[in-house]
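Taking it in order: structure first as structure tokens, then the write-up.
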Amino acid sequence: MFTPRYIKHSKLLLRHGEKYLRYKNDLLSSSTREELSSALQNLREALRKRDHARIKSEAEALDERLHKLAPVTWESHWRENCEVILVAIVVAVGIRSYFLQPFKIPTGSMQPTLNGIIGHSTTAAAPNLLRQIGEFIVLGRNYINVVSRENDQIVQLEQRKFVFFFTFSRLTCEHQQFLVYAPPETLGHDFNVFPGRVCRRGEVIARGYVDTGDQVFVDKISYNFVKPHRGDVFVFRTNHILGIREDPEIGAPFYIKRLAGLPGDTLRIAPPFLYVDGKIAEGFGFARVMAAKSSYRGYALGGNYLAEPNRSFVVPEHGYFAMGDNSYNSYDSRYWGPVPDDNLVGRGLFVYWPFNRHWGLIR
């Protein structure tokens, strides 16, 4: 802490020179090797004797010699920067592949535990730009204002993705187009935007704001060492699950649900309660849903599975029964059956953005 800067610089220079000598020892001529070794020894002795004047002079001499042996060029700077970037990419890919993977909640099937993308239609004008930027950073909120420039009719809504997290909609009319920062499902459900809708010149097609879905880190390593626990909020692939359509461009979607049934569990629903092996499901997540308070509504009967209060279902071996906390609006295992264990990705660990009331560990 109290060591003079030139002493620290001299010690770093000494280590750099020793490293260079080790790496290039077999490539240097004997005379160059001896000169460099002598310069290193001189600086080492000056540091040991704490001869300040000699330390400065020997450090300057060594620095000049190293610059002659290894001149700094623009190529070396680019090479070092590229190496740093490549290492960072490799580390990021490694973490994403084996440890933590970011995942965006697309739908409302886990509300209010986790928010999907929610649209709010309003006639009020958007706030000033500074406040919009602040709300986007903190709340993930984006304001939209689509006004028809002429008499027209909506022909098509197409989804467009940018950089994994950003989902836009291309709204195509007969005579005009708009690119809107909101998915087609949100525009249709929350803003009443659909193909065939007629709009007049100056008419508002969609105005309001869209809150992004919670973005979470998924723990991909735990399930390699411990079995999934009943009550976990977990992420899984939906490929090879009959009843879930694969997107022709990006393939089978990822879902996030609560793990309601383990292999061998006998499940039954008598709204608002979920029964496991004849007893009311235990655990904080289940109790919160069944309490039917604070926007929770309890568990609802399903379709192909658990469709009647007196009908039970036994989860097969190597399968897991997934249910959304927003049971009345969740397309889950009640309709398409258990999740194969090969499809498991990991446990939902942490909401890292936006910084709303869900930020933090997932329960």
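Numbering starts fresh at 1 for the residues of each chain in the structure tokens, the chains themselves are lettered A, B, ... in the order given, and ligands are numbered from 1 as they appear.
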**Message:** I want to know what sits within 7 Å of segment 285-290 of chain A, based on only C-alpha atoms, with residues of the same chain fewer than 6 positions away left out; could you give that as a ChimeraX atom specification?
**Reply:** /A:231,272-273,296-299,325,363
**Request:** From a DSSP pass on the backbone, collect the residues of segment 76-145 of chain A flagged as alpha helix (DSSP H) and hand them back as an MDAnalysis selection string.
**Result:** chainID A and resid 76:98 129:139
Resulting file, chosen residues, C-alpha atoms, as a PDB file, in the first residue's frame:
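Written file, again25.pdb:
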```
ATOM      1  CA  SER A  76      -0.077  -7.325 -30.867  1.00  0.00           C
ATOM      2  CA  HIS A  77      -2.761  -5.058 -29.422  1.00  0.00           C
ATOM      3  CA  TRP A  78      -5.392  -6.568 -31.708  1.00  0.00           C
ATOM      4  CA  ARG A  79      -4.175 -10.061 -30.911  1.00  0.00           C
ATOM      5  CA  GLU A  80      -4.392  -9.475 -27.158  1.00  0.00           C
ATOM      6  CA  ASN A  81      -7.856  -7.919 -27.451  1.00  0.00           C
ATOM      7  CA  CYS A  82      -9.087 -10.809 -29.591  1.00  0.00           C
ATOM      8  CA  GLU A  83      -7.692 -13.314 -27.101  1.00  0.00           C
ATOM      9  CA  VAL A  84      -9.509 -11.583 -24.239  1.00  0.00           C
ATOM     10  CA  ILE A  85     -12.784 -11.509 -26.200  1.00  0.00           C
ATOM     11  CA  LEU A  86     -12.486 -15.169 -27.229  1.00  0.00           C
ATOM     12  CA  VAL A  87     -11.735 -16.249 -23.665  1.00  0.00           C
ATOM     13  CA  ALA A  88     -14.749 -14.261 -22.428  1.00  0.00           C
ATOM     14  CA  ILE A  89     -16.977 -15.908 -25.054  1.00  0.00           C
ATOM     15  CA  VAL A  90     -15.726 -19.394 -24.167  1.00  0.00           C
ATOM     16  CA  VAL A  91     -16.310 -18.750 -20.459  1.00  0.00           C
ATOM     17  CA  ALA A  92     -19.817 -17.357 -21.114  1.00  0.00           C
ATOM     18  CA  VAL A  93     -20.758 -20.302 -23.341  1.00  0.00           C
ATOM     19  CA  GLY A  94     -19.383 -22.732 -20.761  1.00  0.00           C
ATOM     20  CA  ILE A  95     -21.382 -21.141 -17.951  1.00  0.00           C
ATOM     21  CA  ARG A  96     -24.547 -21.097 -20.069  1.00  0.00           C
ATOM     22  CA  SER A  97     -24.110 -24.696 -21.206  1.00  0.00           C
ATOM     23  CA  TYR A  98     -23.266 -26.312 -17.877  1.00  0.00           C
ATOM     24  CA  LEU A 129     -38.220   9.931 -22.828  1.00  0.00           C
ATOM     25  CA  LEU A 130     -36.088  10.051 -19.667  1.00  0.00           C
ATOM     26  CA  ARG A 131     -38.793   8.382 -17.608  1.00  0.00           C
ATOM     27  CA  GLN A 132     -39.376   5.781 -20.336  1.00  0.00           C
ATOM     28  CA  ILE A 133     -35.678   4.867 -20.259  1.00  0.00           C
ATOM     29  CA  GLY A 134     -35.762   4.613 -16.459  1.00  0.00           C
ATOM     30  CA  GLU A 135     -38.879   2.422 -16.474  1.00  0.00           C
ATOM     31  CA  PHE A 136     -37.385   0.150 -19.120  1.00  0.00           C
ATOM     32  CA  ILE A 137     -34.173  -0.346 -17.111  1.00  0.00           C
ATOM     33  CA  VAL A 138     -35.952  -0.916 -13.788  1.00  0.00           C
ATOM     34  CA  LEU A 139     -39.287  -2.465 -14.759  1.00  0.00           C
TER      35      LEU A 139
END
```
**Message:** Give me the residues near Gly116 of chain A as a PyMOL selection string, where near means some atom within 6 Å (using only C-alpha atoms) and where sequence neighbours in that chain fewer than 3 positions away do not count.
**Reply:** chain A and resi 105-108+213
Produce a file of the selected residues containing C-alpha atoms, as an mmCIF file, in the first residue's frame.
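Written output follows (selection_7.cif):
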```cif
data_model
loop_
_atom_site.group_PDB
_atom_site.id
_atom_site.type_symbol
_atom_site.label_atom_id
_atom_site.label_comp_id
_atom_site.auth_asym_id
_atom_site.auth_seq_id
_atom_site.Cartn_x
_atom_site.Cartn_y
_atom_site.Cartn_z
ATOM 1 C CA ILE A 105 -40.935 -16.120 -19.025
ATOM 2 C CA PRO A 106 -43.054 -15.827 -22.195
ATOM 3 C CA THR A 107 -46.577 -16.552 -20.937
ATOM 4 C CA GLY A 108 -48.751 -16.003 -17.877
ATOM 5 C CA GLY A 213 -41.663 -11.277 -18.826
#
```
**Message:** For segment 10-16 of chain A, find every residue with an atom within 12 Å (counting only C-alpha atoms), except residues of its own chain fewer than 5 positions away, and show them as a PyMOL selection string.
**Reply:** chain A and resi 3-5+21-23+36-48+50+52+54-67+70
Save out the residues we just selected, N, CA and C atoms, as an mmCIF file, in the first residue's frame.
```cif
data_model
loop_
_atom_site.group_PDB
_atom_site.id
_atom_site.type_symbol
_atom_site.label_atom_id
_atom_site.label_comp_id
_atom_site.auth_asym_id
_atom_site.auth_seq_id
_atom_site.Cartn_x
_atom_site.Cartn_y
_atom_site.Cartn_z
ATOM 1 N N THR A 3 4.179 1.262 -0.788
ATOM 2 C CA THR A 3 5.333 1.077 -1.660
ATOM 3 C C THR A 3 5.288 2.093 -2.787
ATOM 4 N N PRO A 4 6.416 2.787 -3.034
ATOM 5 C CA PRO A 4 6.445 3.768 -4.126
ATOM 6 C C PRO A 4 6.086 3.134 -5.458
ATOM 7 N N ARG A 5 5.498 3.949 -6.335
ATOM 8 C CA ARG A 5 5.046 3.428 -7.625
ATOM 9 C C ARG A 5 6.193 2.892 -8.466
ATOM 10 N N LEU A 21 12.238 -14.214 -20.822
ATOM 11 C CA LEU A 21 13.454 -15.033 -20.948
ATOM 12 C C LEU A 21 13.118 -16.519 -20.931
ATOM 13 N N ARG A 22 12.180 -16.933 -20.103
ATOM 14 C CA ARG A 22 11.784 -18.344 -20.065
ATOM 15 C C ARG A 22 11.143 -18.776 -21.370
ATOM 16 N N TYR A 23 10.260 -17.934 -21.908
ATOM 17 C CA TYR A 23 9.538 -18.290 -23.124
ATOM 18 C C TYR A 23 10.442 -18.303 -24.360
ATOM 19 N N LEU A 36 20.381 -9.862 -21.467
ATOM 20 C CA LEU A 36 19.104 -9.765 -20.769
ATOM 21 C C LEU A 36 19.218 -10.308 -19.345
ATOM 22 N N SER A 37 19.919 -11.418 -19.180
ATOM 23 C CA SER A 37 20.121 -11.986 -17.838
ATOM 24 C C SER A 37 20.884 -11.017 -16.948
ATOM 25 N N SER A 38 21.877 -10.346 -17.524
ATOM 26 C CA SER A 38 22.661 -9.381 -16.756
ATOM 27 C C SER A 38 21.805 -8.194 -16.330
ATOM 28 N N ALA A 39 20.930 -7.714 -17.253
ATOM 29 C CA ALA A 39 20.055 -6.581 -16.933
ATOM 30 C C ALA A 39 19.060 -6.952 -15.833
ATOM 31 N N LEU A 40 18.575 -8.176 -15.885
ATOM 32 C CA LEU A 40 17.655 -8.638 -14.843
ATOM 33 C C LEU A 40 18.361 -8.735 -13.494
ATOM 34 N N GLN A 41 19.611 -9.238 -13.529
ATOM 35 C CA GLN A 41 20.365 -9.380 -12.286
ATOM 36 C C GLN A 41 20.694 -8.010 -11.679
ATOM 37 N N ASN A 42 21.025 -7.060 -12.549
ATOM 38 C CA ASN A 42 21.340 -5.706 -12.056
ATOM 39 C C ASN A 42 20.135 -5.067 -11.366
ATOM 40 N N LEU A 43 18.956 -5.211 -11.962
ATOM 41 C CA LEU A 43 17.751 -4.642 -11.355
ATOM 42 C C LEU A 43 17.404 -5.376 -10.063
ATOM 43 N N ARG A 44 17.635 -6.678 -10.050
ATOM 44 C CA ARG A 44 17.356 -7.475 -8.858
ATOM 45 C C ARG A 44 18.235 -7.027 -7.691
ATOM 46 N N GLU A 45 19.526 -6.788 -7.966
ATOM 47 C CA GLU A 45 20.453 -6.348 -6.923
ATOM 48 C C GLU A 45 20.102 -4.944 -6.430
ATOM 49 N N ALA A 46 19.688 -4.070 -7.370
ATOM 50 C CA ALA A 46 19.325 -2.708 -6.984
ATOM 51 C C ALA A 46 18.108 -2.710 -6.061
ATOM 52 N N LEU A 47 17.165 -3.587 -6.356
ATOM 53 C CA LEU A 47 15.987 -3.692 -5.498
ATOM 54 C C LEU A 47 16.346 -4.247 -4.124
ATOM 55 N N ARG A 48 17.253 -5.212 -4.115
ATOM 56 C CA ARG A 48 17.653 -5.804 -2.842
ATOM 57 C C ARG A 48 18.379 -4.801 -1.956
ATOM 58 N N ARG A 50 17.997 -1.567 -2.234
ATOM 59 C CA ARG A 50 17.131 -0.393 -2.096
ATOM 60 C C ARG A 50 17.850 0.896 -2.509
ATOM 61 N N HIS A 52 17.709 3.634 -4.639
ATOM 62 C CA HIS A 52 16.635 4.230 -5.435
ATOM 63 C C HIS A 52 17.107 4.757 -6.785
ATOM 64 N N ARG A 54 19.730 3.831 -8.503
ATOM 65 C CA ARG A 54 20.123 2.716 -9.376
ATOM 66 C C ARG A 54 18.890 1.942 -9.836
ATOM 67 N N ILE A 55 17.880 1.806 -8.972
ATOM 68 C CA ILE A 55 16.658 1.091 -9.371
ATOM 69 C C ILE A 55 16.037 1.764 -10.590
ATOM 70 N N LYS A 56 15.952 3.102 -10.548
ATOM 71 C CA LYS A 56 15.341 3.819 -11.666
ATOM 72 C C LYS A 56 16.129 3.658 -12.949
ATOM 73 N N SER A 57 17.458 3.762 -12.839
ATOM 74 C CA SER A 57 18.284 3.660 -14.043
ATOM 75 C C SER A 57 18.273 2.243 -14.612
ATOM 76 N N GLU A 58 18.351 1.226 -13.739
ATOM 77 C CA GLU A 58 18.344 -0.169 -14.211
ATOM 78 C C GLU A 58 16.984 -0.540 -14.789
ATOM 79 N N ALA A 59 15.907 0.000 -14.189
ATOM 80 C CA ALA A 59 14.571 -0.287 -14.709
ATOM 81 C C ALA A 59 14.399 0.323 -16.101
ATOM 82 N N GLU A 60 14.896 1.531 -16.283
ATOM 83 C CA GLU A 60 14.815 2.166 -17.599
ATOM 84 C C GLU A 60 15.609 1.393 -18.636
ATOM 85 N N ALA A 61 16.801 0.912 -18.238
ATOM 86 C CA ALA A 61 17.641 0.150 -19.168
ATOM 87 C C ALA A 61 16.968 -1.163 -19.550
ATOM 88 N N LEU A 62 16.384 -1.859 -18.566
ATOM 89 C CA LEU A 62 15.708 -3.126 -18.842
ATOM 90 C C LEU A 62 14.467 -2.903 -19.712
ATOM 91 N N ASP A 63 13.727 -1.846 -19.426
ATOM 92 C CA ASP A 63 12.526 -1.538 -20.199
ATOM 93 C C ASP A 63 12.872 -1.260 -21.659
ATOM 94 N N GLU A 64 13.955 -0.505 -21.873
ATOM 95 C CA GLU A 64 14.390 -0.206 -23.239
ATOM 96 C C GLU A 64 14.824 -1.465 -23.972
ATOM 97 N N ARG A 65 15.519 -2.358 -23.265
ATOM 98 C CA ARG A 65 15.998 -3.590 -23.889
ATOM 99 C C ARG A 65 14.823 -4.495 -24.275
ATOM 100 N N LEU A 66 13.826 -4.590 -23.370
ATOM 101 C CA LEU A 66 12.668 -5.440 -23.668
ATOM 102 C C LEU A 66 11.854 -4.881 -24.830
ATOM 103 N N HIS A 67 11.767 -3.556 -24.952
ATOM 104 C CA HIS A 67 11.051 -2.962 -26.070
ATOM 105 C C HIS A 67 11.742 -3.253 -27.397
ATOM 106 N N ALA A 70 10.984 -7.084 -27.981
ATOM 107 C CA ALA A 70 9.565 -7.356 -28.242
ATOM 108 C C ALA A 70 8.830 -6.045 -28.469
#
```
**Message:** Nearest residue to Pro195 of chain A out of A:Ala292, A:Val233, A:Cys173, A:Val351, using only C-alpha atoms?
**Reply:**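 The closest residue to Pro195 of chain A is A:Cys173.
The shortest atom-to-atom distance to Glu35 of chain A, with only C-alpha atoms taken into account, belongs to A:Leu69 out of A:Leu69, A:Val345, A:Leu100, A:Glu174.
Proximity to Val204 of chain A was assessed for A:Ile256, A:Val147, A:Asn304, A:Ser222 counting only C-alpha atoms; the smallest distance is recorded for A:Val147.
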**Fill in**
Between atom CA of Leu179 of chain A and atom CA of Arg201 of chain A lies a distance of 18.0 Å
**Message:** I need the residues in segment 236-271 of chain A that are strand (DSSP E or B) according to DSSP; give them as a ChimeraX atom specification.
**Reply:** /A:236-237,247,251,254-261,266-270
Next, write the just-selected residues to a file, as a CSV table (one decimal), in the first residue's frame, keeping N, CA and C atoms as the atom set.
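Full text of selection-v8.csv as output:
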```
chain,number,residue,atom,x,y,z
A,236,PHE,N,-38.0,-27.1,-18.8
A,236,PHE,CA,-37.9,-28.3,-19.5
A,236,PHE,C,-38.1,-28.0,-21.0
A,237,ARG,N,-37.5,-28.9,-21.8
A,237,ARG,CA,-37.8,-28.9,-23.3
A,237,ARG,C,-39.1,-29.6,-23.5
A,247,ASP,N,-42.2,-24.9,-33.1
A,247,ASP,CA,-42.1,-23.8,-34.0
A,247,ASP,C,-41.2,-24.2,-35.2
A,251,GLY,N,-37.8,-24.5,-33.3
A,251,GLY,CA,-38.0,-25.8,-32.8
A,251,GLY,C,-38.9,-25.8,-31.6
A,254,PHE,N,-39.3,-24.0,-24.8
A,254,PHE,CA,-39.0,-24.3,-23.4
A,254,PHE,C,-40.2,-23.9,-22.6
A,255,TYR,N,-40.5,-24.7,-21.6
A,255,TYR,CA,-41.6,-24.3,-20.7
A,255,TYR,C,-41.0,-24.2,-19.3
A,256,ILE,N,-41.7,-23.4,-18.4
A,256,ILE,CA,-41.3,-23.3,-17.0
A,256,ILE,C,-42.6,-23.5,-16.2
A,257,LYS,N,-42.6,-24.5,-15.3
A,257,LYS,CA,-43.8,-24.8,-14.5
A,257,LYS,C,-43.3,-25.2,-13.1
A,258,ARG,N,-44.3,-25.5,-12.3
A,258,ARG,CA,-44.0,-26.1,-11.0
A,258,ARG,C,-44.1,-27.6,-11.0
A,259,LEU,N,-43.1,-28.3,-10.4
A,259,LEU,CA,-43.1,-29.7,-10.5
A,259,LEU,C,-44.1,-30.3,-9.4
A,260,ALA,N,-45.2,-30.8,-9.9
A,260,ALA,CA,-46.3,-31.2,-9.0
A,260,ALA,C,-46.2,-32.7,-8.7
A,261,GLY,N,-45.7,-33.5,-9.6
A,261,GLY,CA,-45.7,-34.9,-9.3
A,261,GLY,C,-44.4,-35.6,-9.7
A,266,THR,N,-49.3,-40.4,-6.9
A,266,THR,CA,-50.7,-40.5,-7.4
A,266,THR,C,-51.3,-39.1,-7.2
A,267,LEU,N,-51.8,-38.5,-8.2
A,267,LEU,CA,-52.3,-37.1,-8.2
A,267,LEU,C,-53.8,-37.0,-8.4
A,268,ARG,N,-54.4,-36.1,-7.7
A,268,ARG,CA,-55.8,-35.8,-7.9
A,268,ARG,C,-56.1,-34.4,-7.6
A,269,ILE,N,-57.1,-33.8,-8.4
A,269,ILE,CA,-57.4,-32.4,-8.2
A,269,ILE,C,-58.9,-32.3,-7.8
A,270,ALA,N,-59.2,-31.7,-6.6
A,270,ALA,CA,-60.5,-31.4,-6.2
A,270,ALA,C,-60.5,-29.9,-5.9
```
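With atom CA of Lys19 of chain A on one side and atom CA of Arg33 of chain A on the other, the separation reads 12.8 Å.
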**Request:** Please identify all polymer residues within 12 Å of Phe313 of chain A, counting only C-alpha atoms, omitting same-chain residues fewer than 6 positions from it, and present them as a list in words.
**Result:**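 Once the adjacent positions are removed, what remains is Ala260, Gly261, Leu262, Pro263, Gly264, Asp265, Thr266, Leu267, Arg268, Ile269, Leu274, Tyr275, Val276, Asp277, Gly278, Gly302, Asn304, Tyr305, Leu306, Ala307, Tyr320, Phe321, Ser333, Arg334, Gly337 and Pro338 of chain A.
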